[in-house]
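The file final_8.cif contains mmCIF, C-alpha atoms and all ligand atoms:
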```cif
data_work
loop_
_atom_site.group_PDB
_atom_site.id
_atom_site.type_symbol
_atom_site.label_atom_id
_atom_site.label_comp_id
_atom_site.auth_asym_id
_atom_site.auth_seq_id
_atom_site.Cartn_x
_atom_site.Cartn_y
_atom_site.Cartn_z
ATOM 1 C CA MET A 1 9.303 153.041 81.645
ATOM 2 C CA ARG A 2 7.137 153.006 78.562
ATOM 3 C CA ASP A 3 9.706 154.975 76.548
ATOM 4 C CA ARG A 4 12.422 152.561 77.559
ATOM 5 C CA LEU A 5 10.333 149.596 76.433
ATOM 6 C CA PHE A 6 9.707 151.046 72.975
ATOM 7 C CA PHE A 7 13.311 152.200 72.709
ATOM 8 C CA LEU A 8 14.492 148.627 73.330
ATOM 9 C CA ILE A 9 11.936 147.145 70.961
ATOM 10 C CA SER A 10 13.047 149.401 68.124
ATOM 11 C CA LYS A 11 16.757 149.203 68.941
ATOM 12 C CA TYR A 12 16.692 145.407 68.697
ATOM 13 C CA ASN A 13 13.917 145.270 66.106
ATOM 14 C CA LEU A 14 12.123 142.831 68.398
ATOM 15 C CA ARG A 15 9.028 141.156 67.012
ATOM 16 C CA PRO A 16 6.962 139.905 69.949
ATOM 17 C CA ASN A 17 6.467 136.146 69.906
ATOM 18 C CA ARG A 18 2.777 135.394 70.481
ATOM 19 C CA ASP A 19 3.506 131.753 71.228
ATOM 20 C CA LEU A 20 5.463 132.964 74.260
ATOM 21 C CA GLY A 21 2.679 135.307 75.395
ATOM 22 C CA GLN A 22 4.826 138.375 74.801
ATOM 23 C CA ASN A 23 2.432 141.173 75.695
ATOM 24 C CA PHE A 24 4.440 143.790 77.515
ATOM 25 C CA LEU A 25 2.895 145.934 80.217
ATOM 26 C CA ILE A 26 3.125 149.618 79.221
ATOM 27 C CA VAL A 27 1.320 151.401 82.074
ATOM 28 C CA PRO A 28 3.788 152.470 84.768
ATOM 29 C CA ASP A 29 1.065 152.906 87.428
ATOM 30 C CA ILE A 30 0.097 149.239 87.218
ATOM 31 C CA ILE A 31 3.707 148.161 87.598
ATOM 32 C CA GLU A 32 4.118 150.457 90.613
ATOM 33 C CA ARG A 33 0.934 149.242 92.253
ATOM 34 C CA ASN A 34 2.012 145.624 91.894
ATOM 35 C CA VAL A 35 5.440 146.304 93.314
ATOM 36 C CA ASP A 36 3.748 148.133 96.233
ATOM 37 C CA ARG A 37 1.380 145.197 96.770
ATOM 38 C CA ALA A 38 4.368 142.873 97.192
ATOM 39 C CA GLU A 39 5.573 145.037 100.149
ATOM 40 C CA LEU A 40 9.198 144.470 99.288
ATOM 41 C CA SER A 41 12.220 145.107 101.456
ATOM 42 C CA GLU A 42 15.930 144.327 101.403
ATOM 43 C CA SER A 43 15.253 140.990 103.073
ATOM 44 C CA ASP A 44 13.048 139.735 100.226
ATOM 45 C CA THR A 45 14.018 137.433 97.397
ATOM 46 C CA VAL A 46 11.624 137.787 94.482
ATOM 47 C CA LEU A 47 10.940 135.310 91.718
ATOM 48 C CA GLU A 48 9.757 136.788 88.421
ATOM 49 C CA ILE A 49 8.558 134.483 85.663
ATOM 50 C CA GLY A 50 8.943 136.049 82.237
ATOM 51 C CA PRO A 51 10.748 139.375 82.808
ATOM 52 C CA GLY A 52 10.359 140.381 79.152
ATOM 53 C CA LEU A 53 12.283 143.604 78.558
ATOM 54 C CA GLY A 54 12.917 144.111 82.243
ATOM 55 C CA ILE A 55 10.623 147.024 83.041
ATOM 56 C CA LEU A 56 9.031 145.320 86.054
ATOM 57 C CA THR A 57 12.328 143.596 86.923
ATOM 58 C CA ASP A 58 14.001 147.006 87.182
ATOM 59 C CA GLU A 59 11.460 148.216 89.749
ATOM 60 C CA LEU A 60 11.756 144.954 91.695
ATOM 61 C CA SER A 61 15.537 145.272 91.780
ATOM 62 C CA LYS A 62 15.242 148.726 93.408
ATOM 63 C CA ARG A 63 13.124 147.429 96.285
ATOM 64 C CA ALA A 64 14.096 143.786 96.927
ATOM 65 C CA GLY A 65 17.342 142.298 98.171
ATOM 66 C CA LYS A 66 17.502 139.809 95.317
ATOM 67 C CA VAL A 67 15.519 139.086 92.147
ATOM 68 C CA PHE A 68 15.575 135.858 90.123
ATOM 69 C CA ALA A 69 13.993 136.201 86.693
ATOM 70 C CA ILE A 70 13.302 133.132 84.546
ATOM 71 C CA GLU A 71 13.031 133.926 80.830
ATOM 72 C CA LYS A 72 12.616 131.428 78.003
ATOM 73 C CA ASP A 73 13.312 133.628 74.973
ATOM 74 C CA PRO A 74 17.092 133.746 74.322
ATOM 75 C CA ARG A 75 16.707 137.005 72.332
ATOM 76 C CA ILE A 76 15.253 138.666 75.405
ATOM 77 C CA VAL A 77 17.869 137.210 77.735
ATOM 78 C CA GLU A 78 20.551 138.703 75.491
ATOM 79 C CA ILE A 79 18.876 142.147 75.570
ATOM 80 C CA LEU A 80 18.499 142.062 79.367
ATOM 81 C CA LYS A 81 22.175 141.196 79.803
ATOM 82 C CA ARG A 82 23.323 143.973 77.479
ATOM 83 C CA GLU A 83 21.020 146.730 78.643
ATOM 84 C CA TYR A 84 20.987 146.457 82.408
ATOM 85 C CA SER A 85 23.751 146.394 84.972
ATOM 86 C CA TRP A 86 21.754 145.163 87.946
ATOM 87 C CA SER A 87 23.843 143.853 90.825
ATOM 88 C CA ASN A 88 21.013 141.989 92.552
ATOM 89 C CA VAL A 89 19.229 140.400 89.576
ATOM 90 C CA GLU A 90 19.994 136.938 88.289
ATOM 91 C CA ILE A 91 18.529 135.995 84.918
ATOM 92 C CA ILE A 92 17.854 132.307 84.535
ATOM 93 C CA GLU A 93 17.505 131.331 80.880
ATOM 94 C CA GLY A 94 15.009 128.542 80.381
ATOM 95 C CA ASP A 95 11.436 127.337 80.538
ATOM 96 C CA ALA A 96 9.894 128.140 83.923
ATOM 97 C CA MET A 97 8.188 124.759 83.866
ATOM 98 C CA LYS A 98 11.454 122.900 83.307
ATOM 99 C CA VAL A 99 14.205 124.744 85.188
ATOM 100 C CA GLU A 100 14.628 124.337 88.921
ATOM 101 C CA TRP A 101 13.221 127.332 90.796
ATOM 102 C CA PRO A 102 15.644 129.106 93.140
ATOM 103 C CA GLU A 103 14.706 129.875 96.728
ATOM 104 C CA PHE A 104 12.367 132.862 97.012
ATOM 105 C CA ASN A 105 9.804 134.251 99.425
ATOM 106 C CA LYS A 106 7.799 136.490 97.061
ATOM 107 C CA VAL A 107 6.681 136.312 93.446
ATOM 108 C CA VAL A 108 5.780 139.245 91.211
ATOM 109 C CA SER A 109 5.062 138.492 87.568
ATOM 110 C CA ASN A 110 3.091 139.367 84.497
ATOM 111 C CA LEU A 111 2.731 135.726 83.546
ATOM 112 C CA PRO A 112 2.865 134.337 80.021
ATOM 113 C CA TYR A 113 -0.741 133.160 79.705
ATOM 114 C CA GLN A 114 0.153 129.796 78.121
ATOM 115 C CA ILE A 115 1.660 128.576 81.379
ATOM 116 C CA SER A 116 -0.659 130.284 83.891
ATOM 117 C CA SER A 117 -2.158 127.021 85.008
ATOM 118 C CA PRO A 118 0.980 124.850 85.481
ATOM 119 C CA VAL A 119 2.868 127.774 87.053
ATOM 120 C CA THR A 120 0.061 128.308 89.566
ATOM 121 C CA PHE A 121 -0.147 124.627 90.500
ATOM 122 C CA LYS A 122 3.650 124.484 90.817
ATOM 123 C CA LEU A 123 3.745 127.640 92.949
ATOM 124 C CA LEU A 124 1.156 126.232 95.353
ATOM 125 C CA ASN A 125 3.628 123.495 96.286
ATOM 126 C CA TYR A 126 6.211 126.039 97.474
ATOM 127 C CA GLU A 127 6.564 127.803 100.782
ATOM 128 C CA PHE A 128 6.331 131.530 100.051
ATOM 129 C CA GLU A 129 4.842 134.631 101.631
ATOM 130 C CA LYS A 130 3.066 136.461 98.865
ATOM 131 C CA ALA A 131 2.591 136.402 95.105
ATOM 132 C CA VAL A 132 1.318 139.288 92.973
ATOM 133 C CA LEU A 133 0.441 137.921 89.569
ATOM 134 C CA ILE A 134 -1.166 139.154 86.373
ATOM 135 C CA TYR A 135 -3.400 136.622 84.616
ATOM 136 C CA GLN A 136 -5.988 136.661 81.889
ATOM 137 C CA LEU A 137 -9.212 137.950 83.471
ATOM 138 C CA GLU A 138 -11.176 134.761 82.898
ATOM 139 C CA PHE A 139 -8.444 132.663 84.516
ATOM 140 C CA ALA A 140 -8.196 135.079 87.465
ATOM 141 C CA GLU A 141 -11.964 134.861 87.990
ATOM 142 C CA ARG A 142 -11.735 131.075 88.100
ATOM 143 C CA MET A 143 -8.868 131.256 90.587
ATOM 144 C CA VAL A 144 -10.876 133.237 93.119
ATOM 145 C CA ALA A 145 -14.319 131.676 92.508
ATOM 146 C CA LYS A 146 -16.263 130.448 95.548
ATOM 147 C CA PRO A 147 -17.898 126.999 95.801
ATOM 148 C CA GLY A 148 -21.341 126.932 94.188
ATOM 149 C CA THR A 149 -20.656 129.763 91.749
ATOM 150 C CA ARG A 150 -20.509 129.743 87.959
ATOM 151 C CA ASN A 151 -16.722 129.962 87.693
ATOM 152 C CA TYR A 152 -15.889 127.430 90.411
ATOM 153 C CA SER A 153 -13.569 124.812 88.891
ATOM 154 C CA ARG A 154 -10.796 122.405 89.848
ATOM 155 C CA LEU A 155 -8.407 125.364 89.715
ATOM 156 C CA SER A 156 -10.554 127.291 92.237
ATOM 157 C CA LEU A 157 -10.667 124.250 94.517
ATOM 158 C CA MET A 158 -6.913 123.637 94.395
ATOM 159 C CA VAL A 159 -6.087 127.316 94.997
ATOM 160 C CA ARG A 160 -8.584 127.496 97.873
ATOM 161 C CA ALA A 161 -7.084 124.313 99.398
ATOM 162 C CA LYS A 162 -3.724 125.998 99.841
ATOM 163 C CA ALA A 163 -4.052 129.778 99.684
ATOM 164 C CA ARG A 164 -6.122 132.902 99.989
ATOM 165 C CA ALA A 165 -6.556 134.451 96.566
ATOM 166 C CA GLU A 166 -7.917 137.896 95.882
ATOM 167 C CA LEU A 167 -8.597 139.577 92.554
ATOM 168 C CA VAL A 168 -7.450 143.093 93.346
ATOM 169 C CA GLU A 169 -7.505 144.904 89.988
ATOM 170 C CA ARG A 170 -8.855 144.456 86.485
ATOM 171 C CA ILE A 171 -6.602 145.573 83.663
ATOM 172 C CA GLY A 172 -7.907 146.486 80.227
ATOM 173 C CA ARG A 173 -6.169 144.989 77.209
ATOM 174 C CA GLY A 174 -4.941 148.461 76.214
ATOM 175 C CA ALA A 175 -2.407 148.326 79.053
ATOM 176 C CA PHE A 176 -0.274 145.909 77.040
ATOM 177 C CA TRP A 177 1.727 146.050 73.844
ATOM 178 C CA PRO A 178 0.934 144.378 71.593
ATOM 179 C CA LYS A 179 -2.698 144.536 72.663
ATOM 180 C CA PRO A 180 -4.003 141.052 73.577
ATOM 181 C CA LYS A 181 -7.524 139.866 72.662
ATOM 182 C CA VAL A 182 -8.679 139.672 76.283
ATOM 183 C CA ASP A 183 -8.516 141.691 79.490
ATOM 184 C CA SER A 184 -6.346 140.767 82.454
ATOM 185 C CA ALA A 185 -6.428 141.002 86.234
ATOM 186 C CA VAL A 186 -4.080 141.130 89.195
ATOM 187 C CA VAL A 187 -4.397 138.339 91.746
ATOM 188 C CA VAL A 188 -2.688 138.387 95.135
ATOM 189 C CA LEU A 189 -2.004 134.935 96.554
ATOM 190 C CA GLU A 190 -1.050 134.283 100.163
ATOM 191 C CA PRO A 191 -0.570 130.722 101.391
ATOM 192 C CA LYS A 192 -2.852 129.688 104.250
ATOM 193 C CA PRO A 193 -1.210 128.722 107.545
ATOM 194 C CA ARG A 194 -0.070 125.071 107.326
ATOM 195 C CA SER A 195 -2.765 123.905 109.727
ATOM 196 C CA GLU A 196 -5.470 125.215 107.353
ATOM 197 C CA ARG A 197 -4.043 123.759 104.147
ATOM 198 C CA VAL A 198 -5.721 120.754 102.606
ATOM 199 C CA GLU A 199 -3.792 118.129 100.594
ATOM 200 C CA LEU A 200 -6.022 116.745 97.883
ATOM 201 C CA ASN A 201 -5.516 113.741 95.656
ATOM 202 C CA GLU A 202 -4.964 114.923 92.102
ATOM 203 C CA ASN A 203 -6.678 111.934 90.462
ATOM 204 C CA LEU A 204 -9.736 112.329 92.678
ATOM 205 C CA THR A 205 -10.106 116.066 92.031
ATOM 206 C CA LYS A 206 -9.667 115.509 88.293
ATOM 207 C CA ALA A 207 -12.226 112.671 88.332
ATOM 208 C CA LEU A 208 -14.790 114.785 90.188
ATOM 209 C CA PHE A 209 -14.336 117.966 88.168
ATOM 210 C CA GLN A 210 -14.620 116.054 84.912
ATOM 211 C CA HIS A 211 -18.334 116.283 85.760
ATOM 212 C CA ARG A 212 -18.637 119.514 87.693
ATOM 213 C CA ARG A 213 -22.440 119.773 87.386
ATOM 214 C CA LYS A 214 -23.185 116.171 88.394
ATOM 215 C CA LYS A 215 -23.830 114.941 91.902
ATOM 216 C CA VAL A 216 -20.854 113.375 93.660
ATOM 217 C CA TYR A 217 -21.897 109.727 93.259
ATOM 218 C CA ALA A 218 -22.614 110.133 89.536
ATOM 219 C CA ALA A 219 -19.326 111.952 88.988
ATOM 220 C CA LEU A 220 -17.409 109.152 90.731
ATOM 221 C CA ARG A 221 -19.284 106.506 88.748
ATOM 222 C CA ASP A 222 -18.612 108.210 85.435
ATOM 223 C CA SER A 223 -14.919 108.817 86.162
ATOM 224 C CA ARG A 224 -14.186 105.694 88.183
ATOM 225 C CA HIS A 225 -11.306 104.752 85.838
ATOM 226 C CA MET A 226 -9.519 107.996 86.824
ATOM 227 C CA ILE A 227 -9.208 106.802 90.415
ATOM 228 C CA GLY A 228 -8.252 103.307 89.331
ATOM 229 C CA LEU A 229 -11.598 101.538 89.850
ATOM 230 C CA ASP A 230 -12.780 99.123 87.176
ATOM 231 C CA LYS A 231 -16.451 98.534 86.441
ATOM 232 C CA GLU A 232 -16.636 95.332 88.475
ATOM 233 C CA THR A 233 -14.978 96.836 91.588
ATOM 234 C CA PHE A 234 -17.277 99.830 91.391
ATOM 235 C CA ARG A 235 -20.340 97.594 91.065
ATOM 236 C CA ARG A 236 -19.301 95.449 94.062
ATOM 237 C CA ASN A 237 -18.814 98.574 96.206
ATOM 238 C CA ARG A 238 -21.783 100.528 94.934
ATOM 239 C CA GLU A 239 -23.587 100.681 98.269
ATOM 240 C CA ILE A 240 -20.499 101.966 100.051
ATOM 241 C CA ILE A 241 -19.881 104.578 97.371
ATOM 242 C CA GLN A 242 -23.501 105.728 97.497
ATOM 243 C CA LYS A 243 -22.909 106.669 101.151
ATOM 244 C CA VAL A 244 -19.918 108.865 100.285
ATOM 245 C CA PRO A 245 -19.975 112.176 102.256
ATOM 246 C CA HIS A 246 -21.674 115.110 100.483
ATOM 247 C CA SER A 247 -23.273 112.743 97.965
ATOM 248 C CA GLU A 248 -26.233 115.150 97.775
ATOM 249 C CA LYS A 249 -24.025 118.002 96.514
ATOM 250 C CA ARG A 250 -23.032 118.774 92.974
ATOM 251 C CA VAL A 251 -19.308 118.757 92.310
ATOM 252 C CA TYR A 252 -19.105 122.522 91.774
ATOM 253 C CA GLU A 253 -20.507 123.037 95.282
ATOM 254 C CA LEU A 254 -17.703 121.128 97.036
ATOM 255 C CA SER A 255 -15.243 123.012 99.241
ATOM 256 C CA PRO A 256 -11.708 121.632 99.746
ATOM 257 C CA LEU A 257 -12.794 120.236 103.138
ATOM 258 C CA ASP A 258 -15.768 118.472 101.475
ATOM 259 C CA VAL A 259 -13.408 116.856 98.955
ATOM 260 C CA LEU A 260 -11.137 115.883 101.832
ATOM 261 C CA ASP A 261 -14.095 114.116 103.497
ATOM 262 C CA ILE A 262 -14.753 112.222 100.261
ATOM 263 C CA GLN A 263 -11.063 111.387 99.918
ATOM 264 C CA ASP A 264 -10.788 110.095 103.499
ATOM 265 C CA TYR A 265 -13.941 108.005 103.095
ATOM 266 C CA LEU A 266 -12.680 106.384 99.893
ATOM 267 C CA LEU A 267 -9.261 105.772 101.456
ATOM 268 C CA GLU A 268 -10.813 104.195 104.570
ATOM 269 C CA ASN A 269 -12.843 101.887 102.363
ATOM 270 C CA GLY A 270 -9.885 100.900 100.211
ATOM 271 C CA LEU A 271 -11.324 102.608 97.155
ATOM 272 C CA LEU A 272 -8.539 105.142 96.695
ATOM 273 C CA TYR A 273 -4.927 104.197 96.794
ATOM 274 C CA GLU A 274 -2.929 107.282 97.606
ATOM 275 C CA LYS A 275 -3.483 110.483 99.605
ATOM 276 C CA GLY A 276 -2.388 113.889 98.304
HETATM 277 N N1 LIG A 301 7.261 141.014 82.514
HETATM 278 C C1 LIG A 301 7.147 141.593 81.191
HETATM 279 C C2 LIG A 301 6.111 142.698 81.204
HETATM 280 O O1 LIG A 301 5.323 142.748 82.143
HETATM 281 O O2 LIG A 301 6.077 143.498 80.287
HETATM 282 C C3 LIG A 301 6.825 140.547 80.131
HETATM 283 C C4 LIG A 301 5.625 139.705 80.394
HETATM 284 S S1 LIG A 301 5.128 138.759 79.000
HETATM 285 C C5 LIG A 301 3.398 138.601 79.360
HETATM 286 C C6 LIG A 301 5.651 137.118 79.347
HETATM 287 C C7 LIG A 301 7.152 136.831 79.283
HETATM 288 O O3 LIG A 301 7.350 135.450 79.630
HETATM 289 C C8 LIG A 301 7.793 136.990 77.923
HETATM 290 O O4 LIG A 301 9.008 137.681 78.069
HETATM 291 C C9 LIG A 301 8.050 135.566 77.435
HETATM 292 O O5 LIG A 301 9.162 135.447 76.571
HETATM 293 C C10 LIG A 301 8.267 134.827 78.742
HETATM 294 N N2 LIG A 301 7.934 133.395 78.707
HETATM 295 C C11 LIG A 301 6.995 132.762 77.957
HETATM 296 N N3 LIG A 301 6.949 131.451 78.240
HETATM 297 C C12 LIG A 301 7.869 131.250 79.216
HETATM 298 C C13 LIG A 301 8.304 130.099 79.929
HETATM 299 N N4 LIG A 301 7.765 128.898 79.701
HETATM 300 N N5 LIG A 301 9.269 130.240 80.857
HETATM 301 C C14 LIG A 301 9.824 131.463 81.104
HETATM 302 N N6 LIG A 301 9.462 132.581 80.455
HETATM 303 C C15 LIG A 301 8.500 132.487 79.517
#
```
What would you get if you wrote out this structure as structure tokens?
Ligand code: SAM
Amino acid sequence: MRDRLFFLISKYNLRPNRDLGQNFLIVPDIIERNVDRAELSESDTVLEIGPGLGILTDELSKRAGKVFAIEKDPRIVEILKREYSWSNVEIIEGDAMKVEWPEFNKVVSNLPYQISSPVTFKLLNYEFEKAVLIYQLEFAERMVAKPGTRNYSRLSLMVRAKARAELVERIGRGAFWPKPKVDSAVVVLEPKPRSERVELNENLTKALFQHRRKKVYAALRDSRHMIGLDKETFRRNREIIQKVPHSEKRVYELSPLDVLDIQDYLLENGLLYEKG
């Protein structure tokens, strides 16, 4: 695996593009473990975002029925097309945040770190079975953080609203070429059953988490414009808003169900205009 990667890099004189997060995984064991974690079979269709030089893609193609790989760098797409003769891999050239995603039931990727956040939010809107993803360590820690802890953020809340997320392995920066400035981690995401998923209003969660250490009422007051309330409307409804559920908690202590209570209360009182 590793030899193939360096062979391709030197054959095509490829200079990794840092703006595209091109840090290639060079430790075969990590690739194997992630493919194992995805529990692939012939009936699976895997989405890979950012196949790079195809080392992980190659392993996925051996175990899954079909692999779709979205790659933005045209130089890399050209190399993949020349060097591999996969029958079950389709390379989609384009920006993963702009192209339409094909149907898939699993995701395995070493994500380009620049788009970790939008890719994760986008993924959470899909029906899938399992995703095995490599992120920057700090981002991964935020993804799995529990309410009331130091790393708990809007990202943690939104992930928790829809999925179970587990940080299953830390990866030192030396496992990549070129070596990035930070460590990484593997996160396994599995969507919660539909009945347990919580649809949260994006404006409300953004307004609250703008002030993650404040109490709920103060956070709403200070971000009222983000949920469409002007100063006068807020003032007129102050007493109602003071009775908002969980008003005694600080924002970083709120679970998805707590935020749902707040959302429902504001909706019932005509102080929020749309649901999820
Ligand atoms: N999967 C390979 C590996 O593990 O060695 C490469 C992973 S590398 C961290 C990220 C890859 O994503 C690069 O090949 C990069 O060109 C590609 N990429 C960056 N931004 C992208 C985007 N917006 N859409 C699709 N691919 C992107």
How would you write, as an MDAnalysis selection string, the set of residues no farther than 8 Å from ligand LIG 301 (chain A) when counting only C-alpha atoms and all ligand atoms? chainID A and resid 17 19:26 31 48:57 70:73 76 93:98 109:115 176
What are the nearest atom pairs, with distances in Å to one decimal, for all residues of segment 44-143 of chain A that come at most 10 Å from segment 164-171 of chain A, using all atoms listed in the file, set out by chain and rising residue number as JSON lines?
```
{"residue": "A:Lys130", "atom": "CA", "partner": "A:Arg164", "partner_atom": "CA", "distance": 9.9}
{"residue": "A:Ala131", "atom": "CA", "partner": "A:Ala165", "partner_atom": "CA", "distance": 9.5}
{"residue": "A:Val132", "atom": "CA", "partner": "A:Val168", "partner_atom": "CA", "distance": 9.6}
{"residue": "A:Leu133", "atom": "CA", "partner": "A:Leu167", "partner_atom": "CA", "distance": 9.7}
{"residue": "A:Ile134", "atom": "CA", "partner": "A:Ile171", "partner_atom": "CA", "distance": 8.8}
{"residue": "A:Tyr135", "atom": "CA", "partner": "A:Ile171", "partner_atom": "CA", "distance": 9.6}
{"residue": "A:Gln136", "atom": "CA", "partner": "A:Ile171", "partner_atom": "CA", "distance": 9.1}
{"residue": "A:Leu137", "atom": "CA", "partner": "A:Arg170", "partner_atom": "CA", "distance": 7.2}
{"residue": "A:Ala140", "atom": "CA", "partner": "A:Leu167", "partner_atom": "CA", "distance": 6.8}
{"residue": "A:Glu141", "atom": "CA", "partner": "A:Leu167", "partner_atom": "CA", "distance": 7.4}
{"residue": "A:Met143", "atom": "CA", "partner": "A:Ala165", "partner_atom": "CA", "distance": 7.2}
```
Residue neighbourhood segment 244-255 of chain A, 9 Å, all atoms listed in the file, exclusion window fewer than 5 positions, as an MDAnalysis selection string: chainID A and resid 146:154 157 160:161 208:209 211:219 260:262 265:266
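The interatomic distance for the pair atom CA of Val77 of chain A and atom CA of Leu8 of chain A works out to 12.7 Å.
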How would you write, as JSON, numbers by chain, the residues chosen by the PyMOL selection byres (((chain A and resi 64) around 9) and not hetatm) on this structure? {"A": [40, 41, 42, 43, 44, 45, 46, 59, 60, 61, 62, 63, 65, 66, 67, 88]}
Okay, now the selection with C-alpha atoms, as a short mmCIF file (atom, residue, chain, number, x, y, z; two decimals), keeping the file's coordinate frame?
```cif
data_model
loop_
_atom_site.label_atom_id
_atom_site.label_comp_id
_atom_site.auth_asym_id
_atom_site.auth_seq_id
_atom_site.Cartn_x
_atom_site.Cartn_y
_atom_site.Cartn_z
CA LEU A 40 9.20 144.47 99.29
CA SER A 41 12.22 145.11 101.46
CA GLU A 42 15.93 144.33 101.40
CA SER A 43 15.25 140.99 103.07
CA ASP A 44 13.05 139.74 100.23
CA THR A 45 14.02 137.43 97.40
CA VAL A 46 11.62 137.79 94.48
CA GLU A 59 11.46 148.22 89.75
CA LEU A 60 11.76 144.95 91.70
CA SER A 61 15.54 145.27 91.78
CA LYS A 62 15.24 148.73 93.41
CA ARG A 63 13.12 147.43 96.28
CA GLY A 65 17.34 142.30 98.17
CA LYS A 66 17.50 139.81 95.32
CA VAL A 67 15.52 139.09 92.15
CA ASN A 88 21.01 141.99 92.55
#
```
Looking at all atoms listed in the file, which of A:Ser87, A:Trp177, A:Arg142, A:Pro193 is the one that sits closest to Phe128 of chain A? A:Pro193
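Note that the spacing between atom CA of Val259 of chain A and atom CA of Glu129 of chain A amounts to 25.6 Å.
Atom CA of Ser85 of chain A to atom CA of Arg37 of chain A spans 25.3 Å [interatomic distance, one decimal].
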